[in-house]
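Structure data (mmCIF, C-alpha atoms, pLDDT in the B column; chains and numbers go by the auth columns) from my_file_29.cif:
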```
data_final
#
loop_
_atom_site.group_PDB
_atom_site.id
_atom_site.type_symbol
_atom_site.label_atom_id
_atom_site.label_comp_id
_atom_site.label_asym_id
_atom_site.label_seq_id
_atom_site.Cartn_x
_atom_site.Cartn_y
_atom_site.Cartn_z
_atom_site.B_iso_or_equiv
_atom_site.auth_seq_id
_atom_site.auth_asym_id
ATOM 1 C CA MET A 1 146.947 142.598 159.782 52.00 17 A
ATOM 2 C CA ASN A 2 149.332 145.499 160.251 60.00 18 A
ATOM 3 C CA ASN A 3 151.493 143.446 162.506 73.00 19 A
ATOM 4 C CA SER A 4 151.976 140.758 159.883 82.00 20 A
ATOM 5 C CA MET A 5 152.790 143.401 157.261 83.00 21 A
ATOM 6 C CA GLN A 6 155.452 144.770 159.542 84.00 22 A
ATOM 7 C CA LEU A 7 156.902 141.315 160.030 85.00 23 A
ATOM 8 C CA THR A 8 156.975 140.754 156.276 87.00 24 A
ATOM 9 C CA ALA A 9 158.809 144.033 155.870 88.00 25 A
ATOM 10 C CA TYR A 10 161.426 142.903 158.358 88.00 26 A
ATOM 11 C CA TYR A 11 161.757 139.544 156.654 89.00 27 A
ATOM 12 C CA ILE A 12 162.451 141.266 153.341 90.00 28 A
ATOM 13 C CA TYR A 13 164.613 144.058 154.708 91.00 29 A
ATOM 14 C CA LEU A 14 167.068 142.046 156.781 91.00 30 A
ATOM 15 C CA PRO A 15 168.213 139.473 154.184 93.00 31 A
ATOM 16 C CA VAL A 16 168.470 142.099 151.455 93.00 32 A
ATOM 17 C CA VAL A 17 170.570 144.439 153.552 92.00 33 A
ATOM 18 C CA ILE A 18 172.853 141.780 154.989 92.00 34 A
ATOM 19 C CA SER A 19 173.495 140.072 151.663 93.00 35 A
ATOM 20 C CA LEU A 20 174.132 143.457 150.040 92.00 36 A
ATOM 21 C CA THR A 21 176.761 144.215 152.665 93.00 37 A
ATOM 22 C CA LEU A 22 178.394 140.825 152.227 93.00 38 A
ATOM 23 C CA ILE A 23 178.538 141.064 148.426 92.00 39 A
ATOM 24 C CA VAL A 24 179.872 144.597 148.431 91.00 40 A
ATOM 25 C CA ALA A 25 182.517 143.865 151.072 92.00 41 A
ATOM 26 C CA ASN A 26 183.602 140.783 149.195 91.00 42 A
ATOM 27 C CA GLN A 27 184.070 142.694 145.977 89.00 43 A
ATOM 28 C CA LEU A 28 185.759 145.657 147.661 90.00 44 A
ATOM 29 C CA PHE A 29 188.313 143.632 149.586 89.00 45 A
ATOM 30 C CA LYS A 30 189.041 141.286 146.720 89.00 46 A
ATOM 31 C CA ASN A 31 190.235 144.383 144.908 88.00 47 A
ATOM 32 C CA GLY A 32 191.738 145.876 148.065 87.00 48 A
ATOM 33 C CA LYS A 33 194.284 143.092 148.385 87.00 49 A
ATOM 34 C CA ILE A 34 196.421 144.559 145.633 86.00 50 A
ATOM 35 C CA PHE A 35 196.508 147.936 147.394 85.00 51 A
ATOM 36 C CA MET A 36 197.509 146.293 150.650 86.00 52 A
ATOM 37 C CA LEU A 37 200.351 144.435 148.943 86.00 53 A
ATOM 38 C CA ASP A 38 201.554 147.759 147.575 83.00 54 A
ATOM 39 C CA ILE A 39 201.260 149.526 150.931 84.00 55 A
ATOM 40 C CA PHE A 40 203.168 146.854 152.834 82.00 56 A
ATOM 41 C CA SER A 41 205.694 146.561 149.999 79.00 57 A
ATOM 42 C CA GLY A 42 204.966 142.930 149.197 74.00 58 A
ATOM 43 C CA GLN A 43 204.922 141.449 152.731 81.00 59 A
ATOM 44 C CA LYS A 44 202.094 139.092 151.966 83.00 60 A
ATOM 45 C CA ASP A 45 201.093 137.888 155.446 85.00 61 A
ATOM 46 C CA ILE A 46 200.793 141.375 156.951 84.00 62 A
ATOM 47 C CA ALA A 47 198.945 142.652 153.902 86.00 63 A
ATOM 48 C CA LEU A 48 196.364 139.873 153.961 87.00 64 A
ATOM 49 C CA ALA A 49 195.879 140.173 157.730 86.00 65 A
ATOM 50 C CA THR A 50 195.283 143.933 157.472 85.00 66 A
ATOM 51 C CA ASN A 51 192.868 143.325 154.650 88.00 67 A
ATOM 52 C CA ALA A 52 190.907 140.844 156.763 87.00 68 A
ATOM 53 C CA LEU A 53 190.804 143.270 159.690 87.00 69 A
ATOM 54 C CA PHE A 54 189.486 146.029 157.471 88.00 70 A
ATOM 55 C CA ARG A 55 186.865 143.659 156.162 89.00 71 A
ATOM 56 C CA ILE A 56 185.614 142.861 159.651 89.00 72 A
ATOM 57 C CA GLY A 57 185.448 146.581 160.410 88.00 73 A
ATOM 58 C CA PHE A 58 183.433 147.155 157.242 90.00 74 A
ATOM 59 C CA TYR A 59 180.951 144.404 158.171 91.00 75 A
ATOM 60 C CA LEU A 60 180.522 145.738 161.681 89.00 76 A
ATOM 61 C CA LEU A 61 180.009 149.321 160.554 91.00 77 A
ATOM 62 C CA ASN A 62 177.510 148.598 157.814 92.00 78 A
ATOM 63 C CA ILE A 63 175.446 145.851 159.431 90.00 79 A
ATOM 64 C CA GLY A 64 175.349 147.934 162.587 90.00 80 A
ATOM 65 C CA PHE A 65 174.065 150.923 160.651 91.00 81 A
ATOM 66 C CA ALA A 66 171.507 148.779 158.827 90.00 82 A
ATOM 67 C CA LEU A 67 170.203 147.432 162.138 88.00 83 A
ATOM 68 C CA THR A 68 169.958 150.845 163.775 88.00 84 A
ATOM 69 C CA ILE A 69 167.682 152.168 161.011 87.00 85 A
ATOM 70 C CA ILE A 70 165.426 149.106 161.069 84.00 86 A
ATOM 71 C CA TYR A 71 162.451 150.745 162.786 83.00 87 A
ATOM 72 C CA PHE A 72 159.221 150.493 160.741 81.00 88 A
ATOM 73 C CA ASN A 73 156.125 152.464 161.668 79.00 89 A
ATOM 74 C CA GLN A 74 152.605 151.198 161.069 79.00 90 A
ATOM 75 C CA ILE A 75 152.307 149.996 157.486 80.00 91 A
ATOM 76 C CA ALA A 76 149.028 150.727 155.703 81.00 92 A
ATOM 77 C CA GLY A 77 149.072 148.242 152.813 83.00 93 A
ATOM 78 C CA LYS A 78 151.035 146.540 150.107 83.00 94 A
ATOM 79 C CA ALA A 79 151.853 149.694 148.133 83.00 95 A
ATOM 80 C CA ASP A 80 152.850 151.494 151.315 86.00 96 A
ATOM 81 C CA MET A 81 155.102 148.606 152.263 87.00 97 A
ATOM 82 C CA ILE A 82 156.879 148.796 148.908 88.00 98 A
ATOM 83 C CA VAL A 83 157.425 152.519 149.339 88.00 99 A
ATOM 84 C CA ARG A 84 158.788 152.157 152.873 89.00 100 A
ATOM 85 C CA LEU A 85 161.031 149.254 152.002 90.00 101 A
ATOM 86 C CA SER A 86 162.420 150.947 148.921 91.00 102 A
ATOM 87 C CA THR A 87 163.116 154.147 150.835 91.00 103 A
ATOM 88 C CA LYS A 88 165.039 152.231 153.433 91.00 104 A
ATOM 89 C CA ILE A 89 166.921 149.900 151.130 92.00 105 A
ATOM 90 C CA GLY A 90 167.677 152.680 148.619 93.00 106 A
ATOM 91 C CA GLY A 91 168.991 154.949 151.341 92.00 107 A
ATOM 92 C CA PHE A 92 171.137 152.139 152.636 93.00 108 A
ATOM 93 C CA MET A 93 172.498 151.454 149.148 93.00 109 A
ATOM 94 C CA ILE A 94 173.492 155.097 148.687 93.00 110 A
ATOM 95 C CA TYR A 95 175.172 155.051 152.093 93.00 111 A
ATOM 96 C CA LEU A 96 177.011 151.867 151.151 92.00 112 A
ATOM 97 C CA GLY A 97 178.253 153.392 147.907 92.00 113 A
ATOM 98 C CA VAL A 98 179.586 156.457 149.705 92.00 114 A
ATOM 99 C CA MET A 99 181.237 154.250 152.350 91.00 115 A
ATOM 100 C CA MET A 100 182.905 152.197 149.648 90.00 116 A
ATOM 101 C CA MET A 101 184.171 155.310 147.921 90.00 117 A
ATOM 102 C CA LEU A 102 185.661 156.533 151.224 91.00 118 A
ATOM 103 C CA ASN A 103 187.352 153.169 151.718 90.00 119 A
ATOM 104 C CA LEU A 104 188.848 153.333 148.249 89.00 120 A
ATOM 105 C CA LEU A 105 190.109 156.843 148.953 90.00 121 A
ATOM 106 C CA LEU A 106 191.714 155.585 152.154 89.00 122 A
ATOM 107 C CA PHE A 107 193.480 152.821 150.228 88.00 123 A
ATOM 108 C CA MET A 108 194.697 155.236 147.575 87.00 124 A
ATOM 109 C CA ARG A 109 195.994 157.664 150.172 89.00 125 A
ATOM 110 C CA GLY A 110 197.838 154.861 151.981 86.00 126 A
ATOM 111 C CA ARG A 111 199.410 153.712 148.745 86.00 127 A
ATOM 112 C CA LYS A 112 200.548 157.232 147.918 85.00 128 A
ATOM 113 C CA ALA A 113 202.151 157.662 151.363 85.00 129 A
ATOM 114 C CA ALA A 114 203.917 154.302 151.081 84.00 130 A
ATOM 115 C CA ARG A 115 205.276 155.189 147.662 83.00 131 A
ATOM 116 C CA ARG A 116 206.537 158.548 148.842 85.00 132 A
ATOM 117 C CA LYS A 117 208.286 156.920 151.783 83.00 133 A
ATOM 118 C CA ALA A 118 209.933 154.367 149.516 81.00 134 A
ATOM 119 C CA TRP A 119 211.094 157.160 147.233 82.00 135 A
ATOM 120 C CA GLU A 120 212.585 159.113 150.153 83.00 136 A
ATOM 121 C CA ARG A 121 214.358 156.017 151.414 82.00 137 A
ATOM 122 C CA ASN A 122 215.793 155.482 147.987 80.00 138 A
ATOM 123 C CA GLN A 123 217.041 159.086 147.935 78.00 139 A
ATOM 124 C CA PHE A 124 218.627 158.642 151.353 79.00 140 A
ATOM 125 C CA VAL A 125 220.466 155.461 150.413 77.00 141 A
ATOM 126 C CA ASN A 126 221.908 156.735 147.153 70.00 142 A
ATOM 127 C CA PRO A 127 221.483 160.486 146.753 67.00 143 A
ATOM 128 C CA ASP A 128 222.932 160.568 143.249 65.00 144 A
ATOM 129 C CA ASN A 129 220.077 158.483 141.951 58.00 145 A
ATOM 130 C CA ALA A 130 217.523 161.291 141.670 51.00 146 A
ATOM 131 C CA MET B 1 147.199 147.913 140.963 78.00 29 B
ATOM 132 C CA TYR B 2 148.516 150.671 138.687 84.00 30 B
ATOM 133 C CA GLN B 3 150.783 151.834 141.470 86.00 31 B
ATOM 134 C CA ILE B 4 152.701 148.571 141.739 87.00 32 B
ATOM 135 C CA LEU B 5 152.825 148.227 137.934 88.00 33 B
ATOM 136 C CA ALA B 6 154.270 151.739 137.723 89.00 34 B
ATOM 137 C CA TYR B 7 156.917 150.940 140.329 89.00 35 B
ATOM 138 C CA SER B 8 158.030 147.793 138.562 90.00 36 B
ATOM 139 C CA ILE B 9 158.216 149.393 135.085 91.00 37 B
ATOM 140 C CA TYR B 10 160.063 152.400 136.493 91.00 38 B
ATOM 141 C CA CYS B 11 162.590 150.311 138.379 91.00 39 B
ATOM 142 C CA SER B 12 163.336 147.977 135.500 92.00 40 B
ATOM 143 C CA ILE B 13 163.769 150.676 132.832 92.00 41 B
ATOM 144 C CA SER B 14 165.904 152.979 134.930 92.00 42 B
ATOM 145 C CA ALA B 15 168.000 150.110 136.266 92.00 43 B
ATOM 146 C CA PHE B 16 168.601 148.985 132.688 93.00 44 B
ATOM 147 C CA ILE B 17 169.737 152.489 131.663 92.00 45 B
ATOM 148 C CA THR B 18 172.033 152.722 134.680 91.00 46 B
ATOM 149 C CA VAL B 19 173.623 149.333 134.108 93.00 47 B
ATOM 150 C CA TYR B 20 174.131 149.972 130.400 92.00 48 B
ATOM 151 C CA VAL B 21 175.746 153.379 130.920 91.00 49 B
ATOM 152 C CA GLY B 22 177.902 151.989 133.721 91.00 50 B
ATOM 153 C CA TRP B 23 179.096 149.134 131.560 91.00 51 B
ATOM 154 C CA ARG B 24 180.074 151.477 128.729 89.00 52 B
ATOM 155 C CA CYS B 25 181.936 153.750 131.123 88.00 53 B
ATOM 156 C CA TYR B 26 183.647 150.729 132.677 90.00 54 B
ATOM 157 C CA ILE B 27 184.984 149.575 129.316 89.00 55 B
ATOM 158 C CA HIS B 28 186.062 152.958 128.003 86.00 56 B
ATOM 159 C CA GLY B 29 187.223 154.355 131.349 85.00 57 B
ATOM 160 C CA LEU B 30 189.959 151.774 131.812 86.00 58 B
ATOM 161 C CA VAL B 31 192.173 153.583 129.276 85.00 59 B
ATOM 162 C CA PHE B 32 191.975 156.803 131.283 83.00 60 B
ATOM 163 C CA LEU B 33 192.695 155.037 134.553 84.00 61 B
ATOM 164 C CA GLN B 34 195.731 153.343 133.045 84.00 62 B
ATOM 165 C CA HIS B 35 196.966 156.773 132.003 80.00 63 B
ATOM 166 C CA LEU B 36 196.457 158.091 135.530 80.00 64 B
ATOM 167 C CA PHE B 37 198.002 155.203 137.468 78.00 65 B
ATOM 168 C CA ALA B 38 200.575 153.895 134.987 74.00 66 B
ATOM 169 C CA ASP B 39 200.004 150.437 136.482 76.00 67 B
ATOM 170 C CA GLY B 40 197.705 147.826 134.984 78.00 68 B
ATOM 171 C CA ALA B 41 196.596 145.823 138.039 83.00 69 B
ATOM 172 C CA ILE B 42 195.841 148.829 140.263 84.00 70 B
ATOM 173 C CA SER B 43 193.864 150.587 137.577 86.00 71 B
ATOM 174 C CA LYS B 44 191.764 147.467 136.976 88.00 72 B
ATOM 175 C CA ALA B 45 191.028 147.150 140.698 88.00 73 B
ATOM 176 C CA VAL B 46 190.070 150.824 140.962 88.00 74 B
ATOM 177 C CA ASN B 47 187.878 150.495 137.896 89.00 75 B
ATOM 178 C CA ARG B 48 185.952 147.543 139.330 90.00 76 B
ATOM 179 C CA VAL B 49 185.422 149.226 142.687 90.00 77 B
ATOM 180 C CA LEU B 50 184.287 152.434 140.992 89.00 78 B
ATOM 181 C CA LEU B 51 181.789 150.508 138.866 91.00 79 B
ATOM 182 C CA LEU B 52 180.301 148.901 141.951 91.00 80 B
ATOM 183 C CA CYS B 53 180.134 152.275 143.742 91.00 81 B
ATOM 184 C CA TYR B 54 178.366 153.770 140.770 91.00 82 B
ATOM 185 C CA TYR B 55 175.807 150.970 140.676 93.00 83 B
ATOM 186 C CA LEU B 56 175.150 151.208 144.390 92.00 84 B
ATOM 187 C CA VAL B 57 174.638 154.963 144.426 91.00 85 B
ATOM 188 C CA ASN B 58 172.532 155.143 141.281 92.00 86 B
ATOM 189 C CA ILE B 59 170.328 152.118 141.804 92.00 87 B
ATOM 190 C CA GLY B 60 170.038 153.154 145.433 92.00 88 B
ATOM 191 C CA TYR B 61 168.792 156.556 144.335 92.00 89 B
ATOM 192 C CA ILE B 62 166.335 154.978 141.884 92.00 90 B
ATOM 193 C CA VAL B 63 164.908 152.692 144.550 91.00 91 B
ATOM 194 C CA TRP B 64 164.861 155.473 147.118 91.00 92 B
ATOM 195 C CA SER B 65 163.031 157.869 144.819 89.00 93 B
ATOM 196 C CA ILE B 66 160.012 155.544 144.644 88.00 94 B
ATOM 197 C CA ARG B 67 158.784 157.472 147.669 88.00 95 B
ATOM 198 C CA THR B 68 158.353 160.628 145.548 87.00 96 B
ATOM 199 C CA TRP B 69 155.683 159.002 143.330 86.00 97 B
ATOM 200 C CA LYS B 70 152.196 160.450 143.377 84.00 98 B
ATOM 201 C CA GLN B 71 149.021 158.385 143.489 85.00 99 B
ATOM 202 C CA VAL B 72 148.602 156.665 140.098 83.00 100 B
ATOM 203 C CA SER B 73 145.064 155.575 139.264 84.00 101 B
ATOM 204 C CA ASP B 74 144.798 155.454 135.458 84.00 102 B
ATOM 205 C CA LEU B 75 146.894 154.841 132.371 85.00 103 B
ATOM 206 C CA PRO B 76 147.540 158.474 131.236 85.00 104 B
ATOM 207 C CA THR B 77 148.792 159.442 134.676 85.00 105 B
ATOM 208 C CA LEU B 78 150.994 156.352 134.672 87.00 106 B
ATOM 209 C CA LEU B 79 152.596 157.274 131.350 88.00 107 B
ATOM 210 C CA ASN B 80 153.040 160.914 132.364 87.00 108 B
ATOM 211 C CA GLU B 81 154.681 160.078 135.639 87.00 109 B
ATOM 212 C CA LEU B 82 156.803 157.334 134.114 89.00 110 B
ATOM 213 C CA GLY B 83 158.176 159.656 131.442 89.00 111 B
ATOM 214 C CA PHE B 84 158.858 162.401 133.937 90.00 112 B
ATOM 215 C CA LYS B 85 160.684 160.156 136.378 90.00 113 B
ATOM 216 C CA ILE B 86 162.774 158.309 133.800 91.00 114 B
ATOM 217 C CA GLY B 87 163.673 161.627 132.194 90.00 115 B
ATOM 218 C CA GLY B 88 164.813 162.891 135.569 90.00 116 B
ATOM 219 C CA ILE B 89 166.995 159.833 136.102 90.00 117 B
ATOM 220 C CA THR B 90 168.517 160.254 132.640 91.00 118 B
ATOM 221 C CA LEU B 91 169.284 163.923 133.311 92.00 119 B
ATOM 222 C CA ILE B 92 170.991 163.044 136.607 91.00 120 B
ATOM 223 C CA LEU B 93 173.097 160.433 134.839 90.00 121 B
ATOM 224 C CA CYS B 94 174.017 162.980 132.180 90.00 122 B
ATOM 225 C CA LEU B 95 175.084 165.507 134.804 91.00 123 B
ATOM 226 C CA LEU B 96 177.221 162.899 136.583 89.00 124 B
ATOM 227 C CA HIS B 97 178.747 161.933 133.269 88.00 125 B
ATOM 228 C CA TYR B 98 179.817 165.466 132.425 90.00 126 B
ATOM 229 C CA ILE B 99 181.245 165.934 135.925 90.00 127 B
ATOM 230 C CA ASN B 100 183.173 162.718 135.371 86.00 128 B
ATOM 231 C CA ILE B 101 184.646 163.949 132.098 86.00 129 B
ATOM 232 C CA ALA B 102 185.630 167.246 133.713 88.00 130 B
ATOM 233 C CA MET B 103 187.348 165.364 136.564 87.00 131 B
ATOM 234 C CA LEU B 104 189.291 163.230 134.093 83.00 132 B
ATOM 235 C CA TYR B 105 190.461 166.359 132.307 83.00 133 B
ATOM 236 C CA ILE B 106 191.542 168.034 135.564 87.00 134 B
ATOM 237 C CA PHE B 107 193.444 164.959 136.805 83.00 135 B
ATOM 238 C CA HIS B 108 195.124 164.542 133.469 79.00 136 B
ATOM 239 C CA LYS B 109 196.313 168.137 133.517 82.00 137 B
ATOM 240 C CA LYS B 110 197.547 167.848 137.099 81.00 138 B
ATOM 241 C CA ILE B 111 199.579 164.718 136.401 78.00 139 B
ATOM 242 C CA HIS B 112 201.180 166.301 133.371 76.00 140 B
ATOM 243 C CA GLN B 113 202.127 169.332 135.446 78.00 141 B
ATOM 244 C CA THR B 114 203.833 167.254 138.134 76.00 142 B
ATOM 245 C CA LYS B 115 205.664 165.252 135.493 71.00 143 B
ATOM 246 C CA ASN B 116 206.955 168.446 133.899 73.00 144 B
ATOM 247 C CA GLN B 117 208.096 169.745 137.279 71.00 145 B
ATOM 248 C CA LEU B 118 210.014 166.566 138.003 67.00 146 B
ATOM 249 C CA LEU B 119 211.815 166.624 134.670 61.00 147 B
#
```
The structure given in the file should be rewritten as structure tokens.
Amino acid sequence: MNNSMQLTAYYIYLPVVISLTLIVANQLFKNGKIFMLDIFSGQKDIALATNALFRIGFYLLNIGFALTIIYFNQIAGKADMIVRLSTKIGGFMIYLGVMMMLNLLLFMRGRKAARRKAWERNQFVNPDNA
Amino acid sequence: MYQILAYSIYCSISAFITVYVGWRCYIHGLVFLQHLFADGAISKAVNRVLLLCYYLVNIGYIVWSIRTWKQVSDLPTLLNELGFKIGGITLILCLLHYINIAMLYIFHKKIHQTKNQLL
């Protein structure tokens, strides 16, 4: 009885978590492309390649984290299963949101640095043009 | 029986409130972001990512906080608990909203200061 409950919990938990990661990463890196183009000053191939690498890193990090917290104790019944599952999935969602925010911050910081560098280069080439 | 009913009502109402508030902020926040970034495409991208972050954190908190429910065995307890929990969620959203407005004000001021220094 308990064993089958546990299995059901795994069957619900894994698809939800993995599809959540995929959807979120898709959305994040669709919007991240524009940052990458800005950072690499319009070199499209390098920008897209970096974006893809970041995406793989994001998948690895989040699916890895989701798998490490998979452990379910003995589950008492249906209501208990809902509580356990929601605790786990909700915690994972909050973690994912924070991760995404950090990624966005990273992008914004990179863009700022690239813009400052471009500005300095511009100053160096023609100092009159302040 | 009441327990599962309570969970489903709680989740649907608070998720609806979260999504509605997020959508309003998404529409009206774009103007502020365009002020901050002075670039249309970037501000749209940031706005979309922020909306998704907001949904993840808030709906994640709603789903997570199911564990704090007490045992519900009759209708009055159900209504009491439901009101209390949804009120709590609404207060958290309100707090986040005011923090958000304060942040917008601070960023706006900072950008104006740097502009004045450059000129």
Region 129-145 of chain A: which residues within 12 Å, counting only C-alpha atoms, same-chain residues fewer than 2 positions away excluded, as a list in words? Phe51, Met52, Leu53, Asp54, Ile55, Phe56, Ser57, Gly58, Leu122, Phe123, Met124, Arg125, Gly126 and Arg127 of chain A
For His56 (chain B), which of B:Ile129, B:Leu84, B:Ala43, B:Ile94 is the closest residue, counting all atoms listed in the file?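 Of the candidates, the smallest distance to His56 (chain B) is held by B:Ile129.
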Given the file above and the PyMOL selection byres ((chain B and resi 125) around 12), which residues are selected, and can you give them as a list in words?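 Taken on the displayed file, the PyMOL selection byres ((chain B and resi 125) around 12) yields the residues Thr46, Val49, Gly50, Arg52, Cys53, Gly57, Tyr82, Thr118, Leu119, Ile120, Leu121, Cys122, Leu123, Leu124, Tyr126, Ile127, Asn128, Ile129, Ala130, Met131 and Leu132 of chain B.
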Kindly save the residues from that selection, with C-alpha atoms included, as a PDB file, in the coordinates of the input.
```
ATOM      1  CA  THR B  46     172.033 152.722 134.680  1.00 91.00           C
ATOM      2  CA  VAL B  49     175.746 153.379 130.920  1.00 91.00           C
ATOM      3  CA  GLY B  50     177.902 151.989 133.721  1.00 91.00           C
ATOM      4  CA  ARG B  52     180.074 151.477 128.729  1.00 89.00           C
ATOM      5  CA  CYS B  53     181.936 153.750 131.123  1.00 88.00           C
ATOM      6  CA  GLY B  57     187.223 154.355 131.349  1.00 85.00           C
ATOM      7  CA  TYR B  82     178.366 153.770 140.770  1.00 91.00           C
ATOM      8  CA  THR B 118     168.517 160.254 132.640  1.00 91.00           C
ATOM      9  CA  LEU B 119     169.284 163.923 133.311  1.00 92.00           C
ATOM     10  CA  ILE B 120     170.991 163.044 136.607  1.00 91.00           C
ATOM     11  CA  LEU B 121     173.097 160.433 134.839  1.00 90.00           C
ATOM     12  CA  CYS B 122     174.017 162.980 132.180  1.00 90.00           C
ATOM     13  CA  LEU B 123     175.084 165.507 134.804  1.00 91.00           C
ATOM     14  CA  LEU B 124     177.221 162.899 136.583  1.00 89.00           C
ATOM     15  CA  TYR B 126     179.817 165.466 132.425  1.00 90.00           C
ATOM     16  CA  ILE B 127     181.245 165.934 135.925  1.00 90.00           C
ATOM     17  CA  ASN B 128     183.173 162.718 135.371  1.00 86.00           C
ATOM     18  CA  ILE B 129     184.646 163.949 132.098  1.00 86.00           C
ATOM     19  CA  ALA B 130     185.630 167.246 133.713  1.00 88.00           C
ATOM     20  CA  MET B 131     187.348 165.364 136.564  1.00 87.00           C
ATOM     21  CA  LEU B 132     189.291 163.230 134.093  1.00 83.00           C
TER      22      LEU B 132
END
```
Taking only C-alpha atoms into account, produce a table as a tab-separated table in which each residue of chain A with an atom at most 6 Å from an atom of chain B appears once, together with its shortest atom pair and the distance in Å to one decimal, ordered by chain and rising number.
```
residue	atom	partner	partner_atom	distance
A:Asn47	CA	B:Ala73	CA	5.1
A:Val99	CA	B:Arg95	CA	5.4
A:Ser102	CA	B:Val91	CA	5.3
A:Thr103	CA	B:Trp92	CA	4.3
A:Gly106	CA	B:Gly88	CA	4.0
A:Gly107	CA	B:Trp92	CA	5.9
A:Met109	CA	B:Gly88	CA	4.8
A:Ile110	CA	B:Val85	CA	4.4
A:Gly113	CA	B:Cys81	CA	4.7
```
Could you write out as a compact mmCIF listing (two decimals) with C-alpha atoms, in the frame of the given file the residues that the PyMOL selection byres ((chain A and resi 69-83) around 7) matches in the shown file?
```txt
# COMPACT_ATOMS: atom_id res chain seq x y z
CA VAL A 33 170.57 144.44 153.55
CA ILE A 34 172.85 141.78 154.99
CA THR A 37 176.76 144.22 152.66
CA ALA A 41 182.52 143.86 151.07
CA PHE A 45 188.31 143.63 149.59
CA ALA A 65 195.88 140.17 157.73
CA THR A 66 195.28 143.93 157.47
CA ASN A 67 192.87 143.32 154.65
CA ALA A 68 190.91 140.84 156.76
CA THR A 84 169.96 150.84 163.78
CA ILE A 85 167.68 152.17 161.01
CA ILE A 86 165.43 149.11 161.07
```
For CA of Gln43 (chain A) and CA of Ile117 (chain B), quote the distance in Å rounded to one decimal.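 So the two atoms, CA of Gln43 (chain A) and CA of Ile117 (chain B), lie 26.1 Å apart.
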Can you list, as a ChimeraX atom specification, the residues that the PyMOL selection byres ((chain B and resi 100) around 8) selects here? /B:30-31,34,98-99,101-102,105-106
Which residues, written as a PyMOL selection string, have at least one atom at most 12 Å from Phe88 (chain A), with all atoms listed in the file counted and residues fewer than 2 positions away on the same chain left out? chain A and resi 18-19+21-27+29+83-86+90-92+96-97+99-101+103-104
Would you please work out which residue, of A:Leu30, A:Ile62, A:Gly48, A:Gly93, is nearest to Leu121 (chain A) when using all atoms listed in the file?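 Result for the nearest residue to Leu121 (chain A): A:Gly48.
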